[in-house]
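**Q** Questions regarding the structure given below will be posed in turn.
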Amino acid sequence: MAQAARATKMNTAPQSPVIAAENLDLVFQTADGPVQALRDVSLTIDKGDFVSFIGPSGCGKTTFLRVIAALEHPTGGTITVNGMSPEEARLNRAYGYVFQAAGLYPWRTIEKNIALPLEIMGFDRAEQEKRVNNVLQLVDLAGFGKKFPWQLSGGMQQRASIARALAFDADILLMDEPFGALDEIVRDHLNEQLLKLWARTEKTIGFVTHSIPEAVYLSTKIVVMSPRPGRITDVIESDLPRERPLDIRDTPEFLAIAHRVREGLRAGHAYDD
Ligand SMILES: Nc1ncnc2c1ncn2[C@@H]1O[C@H](COP(=O)(O)OP(=O)(O)OP(=O)(O)O)[C@@H](O)[C@H]1O
């Protein structure tokens, strides 16, 4: 018993956060004047967290993900990724990035699409093949490597693009509305698969979405953002169990979290009026 308690304690020992943002500001200089995309954003993401960012169009969700990935540079505040600057983390291949559109090259087979970044990074052929087969299995696309993207459904293409992002085996997966263009049934299925993949790989995931049920179903932490300038209005720690059948969405616990997200979104709008 004492041993079990000790083990639990060890597992919950505080770790340094994977992502730590403090008072981040980001102002874009445009021809029409400055656009404040992020204001005073502070957030901590721990190892193994599944964090969703939800908020209206233009509230800075993508910008925040791009700051983590060192694709945008904050104009104020600080951010570390795995304890490093985002630039250092990028050079250390800290993350894989999944975009809104699958973005696969139509003239390359699925396995060649997944292997492309590995080719560029100079992995040898045997290692490329090993990694491609491994990630195809992780996203349930084993046997589809020789197909071309146009021979796959939209959902399968998006899974292939997730496989490409996983091929480096980075600890962090950044996903910018990966399922936004898919119909609801396919999206439900991919959400279930993504949760299984997360459980299997123990990645830390940052996930942008417009969908309240998607955010609540997937996340351990939901970050609600408000528009112009993008600020965090609420951070909700979910107490739903990590194993989640789809029908968890009908439970009072799920609906209570969804309600709080909706309230957070409303509060953000009220501030804007
Ligand atoms: N490179 C850029 N130059 C100028 N303004 C930009 C740039 N990128 C984003 N913005 C502006 O910053 C704000 C935040 O944009 P961002 O794409 O992060 O929002 P979002 O919440 O992801 O929106 P959506 O849900 O529509 O994808 C918007 O007002 C946008 O027009």
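Ordered as shown in the structure tokens, chains take letters A, B, and onward, while each chain numbers its residues from 1 and ligands are numbered from 1 in the order shown.
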Which polymer residues have any atom within 7 Å of an atom of range 23-29 of chain A, counting only C-alpha atoms, with same-chain residues fewer than 4 positions away left out, as an mmCIF file with C-alpha atoms, in the first residue's frame?

**A**
```cif
data_model
loop_
_atom_site.group_PDB
_atom_site.id
_atom_site.type_symbol
_atom_site.label_atom_id
_atom_site.label_comp_id
_atom_site.auth_asym_id
_atom_site.auth_seq_id
_atom_site.Cartn_x
_atom_site.Cartn_y
_atom_site.Cartn_z
ATOM 1 C CA GLY A 33 -1.526 49.696 -39.093
ATOM 2 C CA PRO A 34 -0.626 47.398 -36.189
ATOM 3 C CA VAL A 35 -2.742 44.287 -35.506
ATOM 4 C CA GLN A 36 -2.495 42.941 -31.982
ATOM 5 C CA ALA A 37 -2.912 39.187 -32.445
ATOM 6 C CA LEU A 38 -1.980 38.153 -28.876
ATOM 7 C CA ARG A 39 -2.145 40.128 -25.640
ATOM 8 C CA ASP A 40 -0.748 39.077 -22.291
ATOM 9 C CA VAL A 41 -1.049 35.348 -22.953
ATOM 10 C CA SER A 42 0.292 33.211 -20.091
ATOM 11 C CA PRO A 74 6.407 37.447 -30.070
ATOM 12 C CA THR A 75 6.853 41.181 -29.644
ATOM 13 C CA GLY A 76 6.668 40.898 -25.843
ATOM 14 C CA GLY A 77 6.794 38.349 -23.036
ATOM 15 C CA THR A 78 8.641 35.045 -22.924
#
```

**Q** Please identify the residues whose atoms come within 9 Å of ligand 1, using only C-alpha atoms and all ligand atoms, and report them as a CSV table (one decimal) with N, CA and C atoms, in the first residue's frame.

**A**
```csv
chain,number,residue,atom,x,y,z
A,26,LEU,N,1.9,39.7,-29.2
A,26,LEU,CA,2.4,39.7,-30.6
A,26,LEU,C,1.6,40.7,-31.4
A,27,VAL,N,2.3,41.7,-32.0
A,27,VAL,CA,1.7,42.7,-32.8
A,27,VAL,C,2.2,42.6,-34.2
A,28,PHE,N,1.3,42.4,-35.2
A,28,PHE,CA,1.8,42.3,-36.6
A,28,PHE,C,1.7,43.8,-37.1
A,29,GLN,N,2.8,44.2,-37.8
A,29,GLN,CA,2.7,45.5,-38.5
A,29,GLN,C,2.2,45.3,-39.9
A,30,THR,N,1.1,45.9,-40.2
A,30,THR,CA,0.5,45.7,-41.5
A,30,THR,C,0.3,47.1,-42.2
A,31,ALA,N,0.0,47.0,-43.5
A,31,ALA,CA,-0.2,48.3,-44.3
A,31,ALA,C,-1.3,49.1,-43.6
A,34,PRO,N,-0.9,48.6,-37.0
A,34,PRO,CA,-0.6,47.4,-36.2
A,34,PRO,C,-1.9,46.5,-35.9
A,35,VAL,N,-1.7,45.2,-35.9
A,35,VAL,CA,-2.7,44.3,-35.5
A,35,VAL,C,-2.2,43.5,-34.3
A,36,GLN,N,-2.9,43.7,-33.2
A,36,GLN,CA,-2.5,42.9,-32.0
A,36,GLN,C,-3.2,41.6,-32.0
A,37,ALA,N,-2.4,40.5,-32.3
A,37,ALA,CA,-2.9,39.2,-32.4
A,37,ALA,C,-3.0,38.5,-31.1
A,38,LEU,N,-2.0,38.8,-30.2
A,38,LEU,CA,-2.0,38.2,-28.9
A,38,LEU,C,-1.7,39.2,-27.8
A,53,PHE,N,-7.2,24.7,-28.1
A,53,PHE,CA,-7.4,26.2,-28.2
A,53,PHE,C,-8.7,26.4,-28.9
A,54,ILE,N,-9.6,27.1,-28.3
A,54,ILE,CA,-10.9,27.4,-28.9
A,54,ILE,C,-11.3,28.9,-28.8
A,55,GLY,N,-11.9,29.4,-29.9
A,55,GLY,CA,-12.2,30.8,-29.9
A,55,GLY,C,-12.6,31.2,-31.3
A,56,PRO,N,-13.3,32.4,-31.4
A,56,PRO,CA,-13.7,32.8,-32.7
A,56,PRO,C,-12.6,33.1,-33.7
A,57,SER,N,-13.0,33.2,-34.9
A,57,SER,CA,-12.0,33.4,-36.0
A,57,SER,C,-11.2,34.7,-35.7
A,58,GLY,N,-9.9,34.6,-35.9
A,58,GLY,CA,-9.1,35.8,-35.7
A,58,GLY,C,-8.6,36.0,-34.3
A,59,CYS,N,-8.9,35.1,-33.4
A,59,CYS,CA,-8.5,35.4,-32.0
A,59,CYS,C,-7.1,35.0,-31.6
A,60,GLY,N,-6.3,34.5,-32.6
A,60,GLY,CA,-4.9,34.3,-32.4
A,60,GLY,C,-4.5,32.8,-32.1
A,61,LYS,N,-5.4,31.9,-32.3
A,61,LYS,CA,-5.2,30.5,-32.0
A,61,LYS,C,-4.0,30.0,-32.9
A,62,THR,N,-4.1,30.2,-34.2
A,62,THR,CA,-3.0,29.8,-35.1
A,62,THR,C,-1.7,30.5,-34.7
A,63,THR,N,-1.8,31.8,-34.4
A,63,THR,CA,-0.7,32.6,-34.1
A,63,THR,C,0.1,32.0,-32.9
A,64,PHE,N,-0.7,31.6,-31.9
A,64,PHE,CA,-0.1,31.0,-30.7
A,64,PHE,C,0.7,29.7,-31.1
A,65,LEU,N,0.0,28.9,-31.9
A,65,LEU,CA,0.7,27.6,-32.3
A,65,LEU,C,1.9,27.9,-33.1
A,66,ARG,N,1.9,28.9,-33.9
A,66,ARG,CA,3.0,29.3,-34.7
A,66,ARG,C,4.1,29.9,-33.9
A,72,GLU,N,6.4,32.3,-35.9
A,72,GLU,CA,6.1,33.8,-35.6
A,72,GLU,C,6.9,34.1,-34.3
A,100,GLN,N,-4.3,22.6,-41.5
A,100,GLN,CA,-5.7,22.5,-41.7
A,100,GLN,C,-6.0,21.6,-42.9
A,176,ASP,N,-3.4,22.2,-36.2
A,176,ASP,CA,-4.2,23.4,-36.5
A,176,ASP,C,-5.4,23.0,-37.2
A,177,GLU,N,-6.5,22.8,-36.5
A,177,GLU,CA,-7.8,22.5,-37.0
A,177,GLU,C,-7.7,21.4,-38.1
A,208,VAL,N,-5.9,23.1,-32.3
A,208,VAL,CA,-6.8,24.3,-32.5
A,208,VAL,C,-8.1,23.8,-33.1
A,209,THR,N,-9.2,24.2,-32.6
A,209,THR,CA,-10.5,23.8,-33.1
A,209,THR,C,-11.6,24.9,-32.9
A,210,HIS,N,-12.6,24.9,-33.7
A,210,HIS,CA,-13.8,25.8,-33.5
A,210,HIS,C,-14.9,25.0,-32.8
A,225,MET,N,-10.3,31.4,-25.9
A,225,MET,CA,-9.7,32.7,-26.3
A,225,MET,C,-10.7,33.7,-26.8
A,226,SER,N,-10.4,34.9,-26.7
A,226,SER,CA,-11.4,36.0,-27.1
A,226,SER,C,-10.7,36.8,-28.3
A,227,PRO,N,-11.6,37.4,-29.1
A,227,PRO,CA,-11.0,38.1,-30.3
A,227,PRO,C,-10.5,39.4,-30.0
A,228,ARG,N,-9.7,39.9,-30.9
A,228,ARG,CA,-9.1,41.3,-31.0
A,228,ARG,C,-9.0,42.0,-29.7
A,229,PRO,N,-7.9,42.1,-29.1
A,229,PRO,CA,-6.7,41.2,-29.3
A,229,PRO,C,-6.9,39.9,-28.6
A,230,GLY,N,-6.3,38.8,-29.2
A,230,GLY,CA,-6.4,37.5,-28.7
A,230,GLY,C,-5.9,37.4,-27.2
```

**Q** Which residue out of A:Leu197, A:Ala102, A:Ala115, A:Leu138 has the minimum interatomic distance to Trp150 in chain A when only C-alpha atoms are used?

**A**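 Among A:Leu197, A:Ala102, A:Ala115, A:Leu138, it is A:Ala102 that comes nearest to Trp150 in chain A.
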
**Q** Under the rule that only C-alpha atoms are counted, which of A:Lys147, A:Arg260, A:Arg131, A:His189 is the nearest residue to Thr233 in chain A?

**A**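 Among the listed residues, the smallest separation from Thr233 in chain A belongs to A:Arg260.
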
**Q** For Leu174 in chain A, please output as number ranges by chain all residues within 9 Å (counting only C-alpha atoms; exclusion window: fewer than 6 positions along the same chain).

**A** A: 65-66, 68-69, 95-99, 165, 204-208

**Q** Grab the residues selected above and save them as a compact mmCIF listing (two decimals), in the first residue's frame with C-alpha atoms.

**A**
```txt
# COMPACT_ATOMS: atom_id res chain seq x y z
CA LEU A 65 0.67 27.62 -32.27
CA ARG A 66 3.01 29.29 -34.75
CA ILE A 68 5.44 27.67 -30.23
CA ALA A 69 6.78 26.42 -33.57
CA TYR A 95 7.45 19.08 -32.63
CA GLY A 96 5.48 17.80 -35.59
CA TYR A 97 2.95 20.19 -37.18
CA VAL A 98 -0.34 19.20 -38.79
CA PHE A 99 -2.04 21.86 -40.91
CA ALA A 165 4.10 14.88 -38.53
CA THR A 204 1.95 16.44 -25.69
CA ILE A 205 -0.66 17.84 -28.08
CA GLY A 206 -1.69 21.43 -28.91
CA PHE A 207 -4.90 21.36 -30.95
CA VAL A 208 -6.81 24.28 -32.52
```

**Q** If we count only C-alpha atoms, what is near Val81 in chain A at a cut-off of 9 Å, once residues fewer than 3 positions away on the same chain are taken out, given as a tab-separated table (two decimals) with N, CA and C atoms, in the first residue's frame?

**A**
```tsv
chain	number	residue	atom	x	y	z
A	17	PRO	N	7.54	22.37	-17.24
A	17	PRO	CA	6.54	22.33	-18.29
A	17	PRO	C	7.15	22.17	-19.68
A	18	VAL	N	6.39	21.56	-20.58
A	18	VAL	CA	6.84	21.41	-21.96
A	18	VAL	C	6.78	22.78	-22.66
A	19	ILE	N	5.70	23.50	-22.38
A	19	ILE	CA	5.58	24.85	-22.95
A	19	ILE	C	5.21	25.81	-21.81
A	20	ALA	N	5.96	26.90	-21.70
A	20	ALA	CA	5.66	27.90	-20.67
A	20	ALA	C	5.67	29.27	-21.34
A	21	ALA	N	4.49	29.88	-21.42
A	21	ALA	CA	4.38	31.22	-22.01
A	21	ALA	C	4.02	32.19	-20.91
A	68	ILE	N	4.81	28.87	-30.83
A	68	ILE	CA	5.44	27.67	-30.23
A	68	ILE	C	6.42	27.06	-31.24
A	69	ALA	N	5.99	27.07	-32.52
A	69	ALA	CA	6.78	26.42	-33.57
A	69	ALA	C	7.88	27.33	-34.13
A	84	MET	N	13.68	25.39	-23.81
A	84	MET	CA	14.55	26.13	-24.74
A	84	MET	C	13.75	27.25	-25.41
A	85	SER	N	14.44	28.08	-26.17
A	85	SER	CA	13.71	29.04	-27.00
A	85	SER	C	13.02	28.24	-28.11
A	86	PRO	N	11.91	28.77	-28.68
A	86	PRO	CA	11.25	28.04	-29.76
A	86	PRO	C	12.20	27.73	-30.93
A	87	GLU	N	13.13	28.65	-31.22
A	87	GLU	CA	14.08	28.41	-32.33
A	87	GLU	C	14.95	27.19	-32.03
A	88	GLU	N	15.47	27.14	-30.79
A	88	GLU	CA	16.31	25.99	-30.42
A	88	GLU	C	15.49	24.70	-30.45
A	89	ALA	N	14.24	24.80	-29.98
A	89	ALA	CA	13.38	23.61	-29.95
A	89	ALA	C	13.11	23.13	-31.38
A	90	ARG	N	12.94	24.08	-32.29
A	90	ARG	CA	12.70	23.68	-33.69
A	90	ARG	C	13.92	22.95	-34.25
A	94	ALA	N	11.59	19.42	-31.97
A	94	ALA	CA	10.76	19.18	-30.78
A	94	ALA	C	9.32	18.86	-31.14
```

**Q** Mind checking DSSP for range 32-183 of chain A and telling me the strand (DSSP E or B) residues as a PyMOL selection string?

**A** chain A and resi 33-45+50-54+76-81+84+95-98+172-176

**Q** Check the DSSP output for the backbone and give back, as a CSV table (one decimal) with N, CA and C atoms, in the first residue's frame, the residues of range 30-128 of chain A in alpha helix (DSSP H).

**A**
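Saved to out-v5.csv:
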```csv
chain,number,residue,atom,x,y,z
A,61,LYS,N,-5.4,31.9,-32.3
A,61,LYS,CA,-5.2,30.5,-32.0
A,61,LYS,C,-4.0,30.0,-32.9
A,62,THR,N,-4.1,30.2,-34.2
A,62,THR,CA,-3.0,29.8,-35.1
A,62,THR,C,-1.7,30.5,-34.7
A,63,THR,N,-1.8,31.8,-34.4
A,63,THR,CA,-0.7,32.6,-34.1
A,63,THR,C,0.1,32.0,-32.9
A,64,PHE,N,-0.7,31.6,-31.9
A,64,PHE,CA,-0.1,31.0,-30.7
A,64,PHE,C,0.7,29.7,-31.1
A,65,LEU,N,0.0,28.9,-31.9
A,65,LEU,CA,0.7,27.6,-32.3
A,65,LEU,C,1.9,27.9,-33.1
A,66,ARG,N,1.9,28.9,-33.9
A,66,ARG,CA,3.0,29.3,-34.7
A,66,ARG,C,4.1,29.9,-33.9
A,67,VAL,N,3.8,30.5,-32.8
A,67,VAL,CA,4.8,31.1,-31.9
A,67,VAL,C,5.6,29.9,-31.3
A,68,ILE,N,4.8,28.9,-30.8
A,68,ILE,CA,5.4,27.7,-30.2
A,68,ILE,C,6.4,27.1,-31.2
A,86,PRO,N,11.9,28.8,-28.7
A,86,PRO,CA,11.3,28.0,-29.8
A,86,PRO,C,12.2,27.7,-30.9
A,87,GLU,N,13.1,28.6,-31.2
A,87,GLU,CA,14.1,28.4,-32.3
A,87,GLU,C,15.0,27.2,-32.0
A,88,GLU,N,15.5,27.1,-30.8
A,88,GLU,CA,16.3,26.0,-30.4
A,88,GLU,C,15.5,24.7,-30.5
A,89,ALA,N,14.2,24.8,-30.0
A,89,ALA,CA,13.4,23.6,-29.9
A,89,ALA,C,13.1,23.1,-31.4
A,90,ARG,N,12.9,24.1,-32.3
A,90,ARG,CA,12.7,23.7,-33.7
A,90,ARG,C,13.9,23.0,-34.3
A,91,LEU,N,15.1,23.5,-34.0
A,91,LEU,CA,16.3,22.8,-34.4
A,91,LEU,C,16.5,21.4,-33.8
A,110,ILE,N,1.7,7.8,-50.6
A,110,ILE,CA,1.6,8.2,-49.2
A,110,ILE,C,2.9,7.9,-48.5
A,111,GLU,N,3.6,6.8,-48.8
A,111,GLU,CA,4.8,6.5,-48.0
A,111,GLU,C,5.9,7.5,-48.4
A,112,LYS,N,5.9,7.9,-49.7
A,112,LYS,CA,6.9,8.9,-50.2
A,112,LYS,C,6.6,10.3,-49.6
A,113,ASN,N,5.3,10.6,-49.4
A,113,ASN,CA,5.0,11.9,-48.8
A,113,ASN,C,5.5,11.9,-47.3
A,114,ILE,N,5.3,10.8,-46.6
A,114,ILE,CA,5.7,10.7,-45.2
A,114,ILE,C,7.2,10.7,-45.1
A,115,ALA,N,7.8,10.1,-46.1
A,115,ALA,CA,9.3,10.0,-46.0
A,115,ALA,C,10.0,11.3,-46.4
A,116,LEU,N,9.3,12.2,-47.1
A,116,LEU,CA,9.9,13.4,-47.6
A,116,LEU,C,10.7,14.2,-46.6
A,117,PRO,N,10.1,14.6,-45.4
A,117,PRO,CA,10.9,15.3,-44.4
A,117,PRO,C,12.1,14.5,-43.9
A,118,LEU,N,11.9,13.2,-43.9
A,118,LEU,CA,13.0,12.3,-43.4
A,118,LEU,C,14.2,12.3,-44.4
A,119,GLU,N,13.8,12.3,-45.7
A,119,GLU,CA,14.8,12.4,-46.8
A,119,GLU,C,15.6,13.7,-46.7
A,120,ILE,N,14.8,14.8,-46.5
A,120,ILE,CA,15.5,16.1,-46.4
A,120,ILE,C,16.4,16.1,-45.2
A,125,ARG,N,17.9,5.1,-46.0
A,125,ARG,CA,16.7,4.4,-46.5
A,125,ARG,C,16.0,3.5,-45.5
A,126,ALA,N,16.9,2.6,-44.9
A,126,ALA,CA,16.3,1.6,-44.0
A,126,ALA,C,15.6,2.3,-42.8
A,127,GLU,N,16.2,3.4,-42.3
A,127,GLU,CA,15.5,4.1,-41.2
A,127,GLU,C,14.2,4.8,-41.6
A,128,GLN,N,14.3,5.3,-42.9
A,128,GLN,CA,13.1,6.0,-43.4
A,128,GLN,C,11.9,4.9,-43.5
```

**Q** Using only C-alpha atoms, find the one residue out of A:Phe168, A:Phe50, A:Phe148, A:Phe254 that sits nearest to Pro213 in chain A.

**A**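 Answer, going by the shortest atom-to-atom distance: A:Phe254.
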
**Q** Distance CA of Ile222 in chain A-CA of Leu71 in chain A, one decimal place?

**A**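 One can read the CA of Ile222 in chain A to CA of Leu71 in chain A distance as 22.8 Å.
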
**Q** Within 7 Å of range 235-247 of chain A, counting only C-alpha atoms, which residues qualify if same-chain residues fewer than 4 places away don't, as a PyMOL selection string?

**A** chain A and resi 219-224

**Q** Output C-alpha atoms of each residue in that selection to a file, as a compact mmCIF listing (two decimals), in the first residue's frame.

**A**
```txt
# COMPACT_ATOMS: atom_id res chain seq x y z
CA SER A 219 -8.66 17.61 -24.09
CA THR A 220 -7.15 17.47 -20.65
CA LYS A 221 -7.06 21.28 -20.76
CA ILE A 222 -9.21 23.68 -22.79
CA VAL A 223 -7.96 27.19 -23.47
CA VAL A 224 -10.77 29.60 -24.34
```

**Q** Between CA of Gly145 in chain A and CA of Glu129 in chain A, what distance in Å does the model show, to one decimal?

**A**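 CA of Gly145 in chain A sits 10.5 Å away from CA of Glu129 in chain A.
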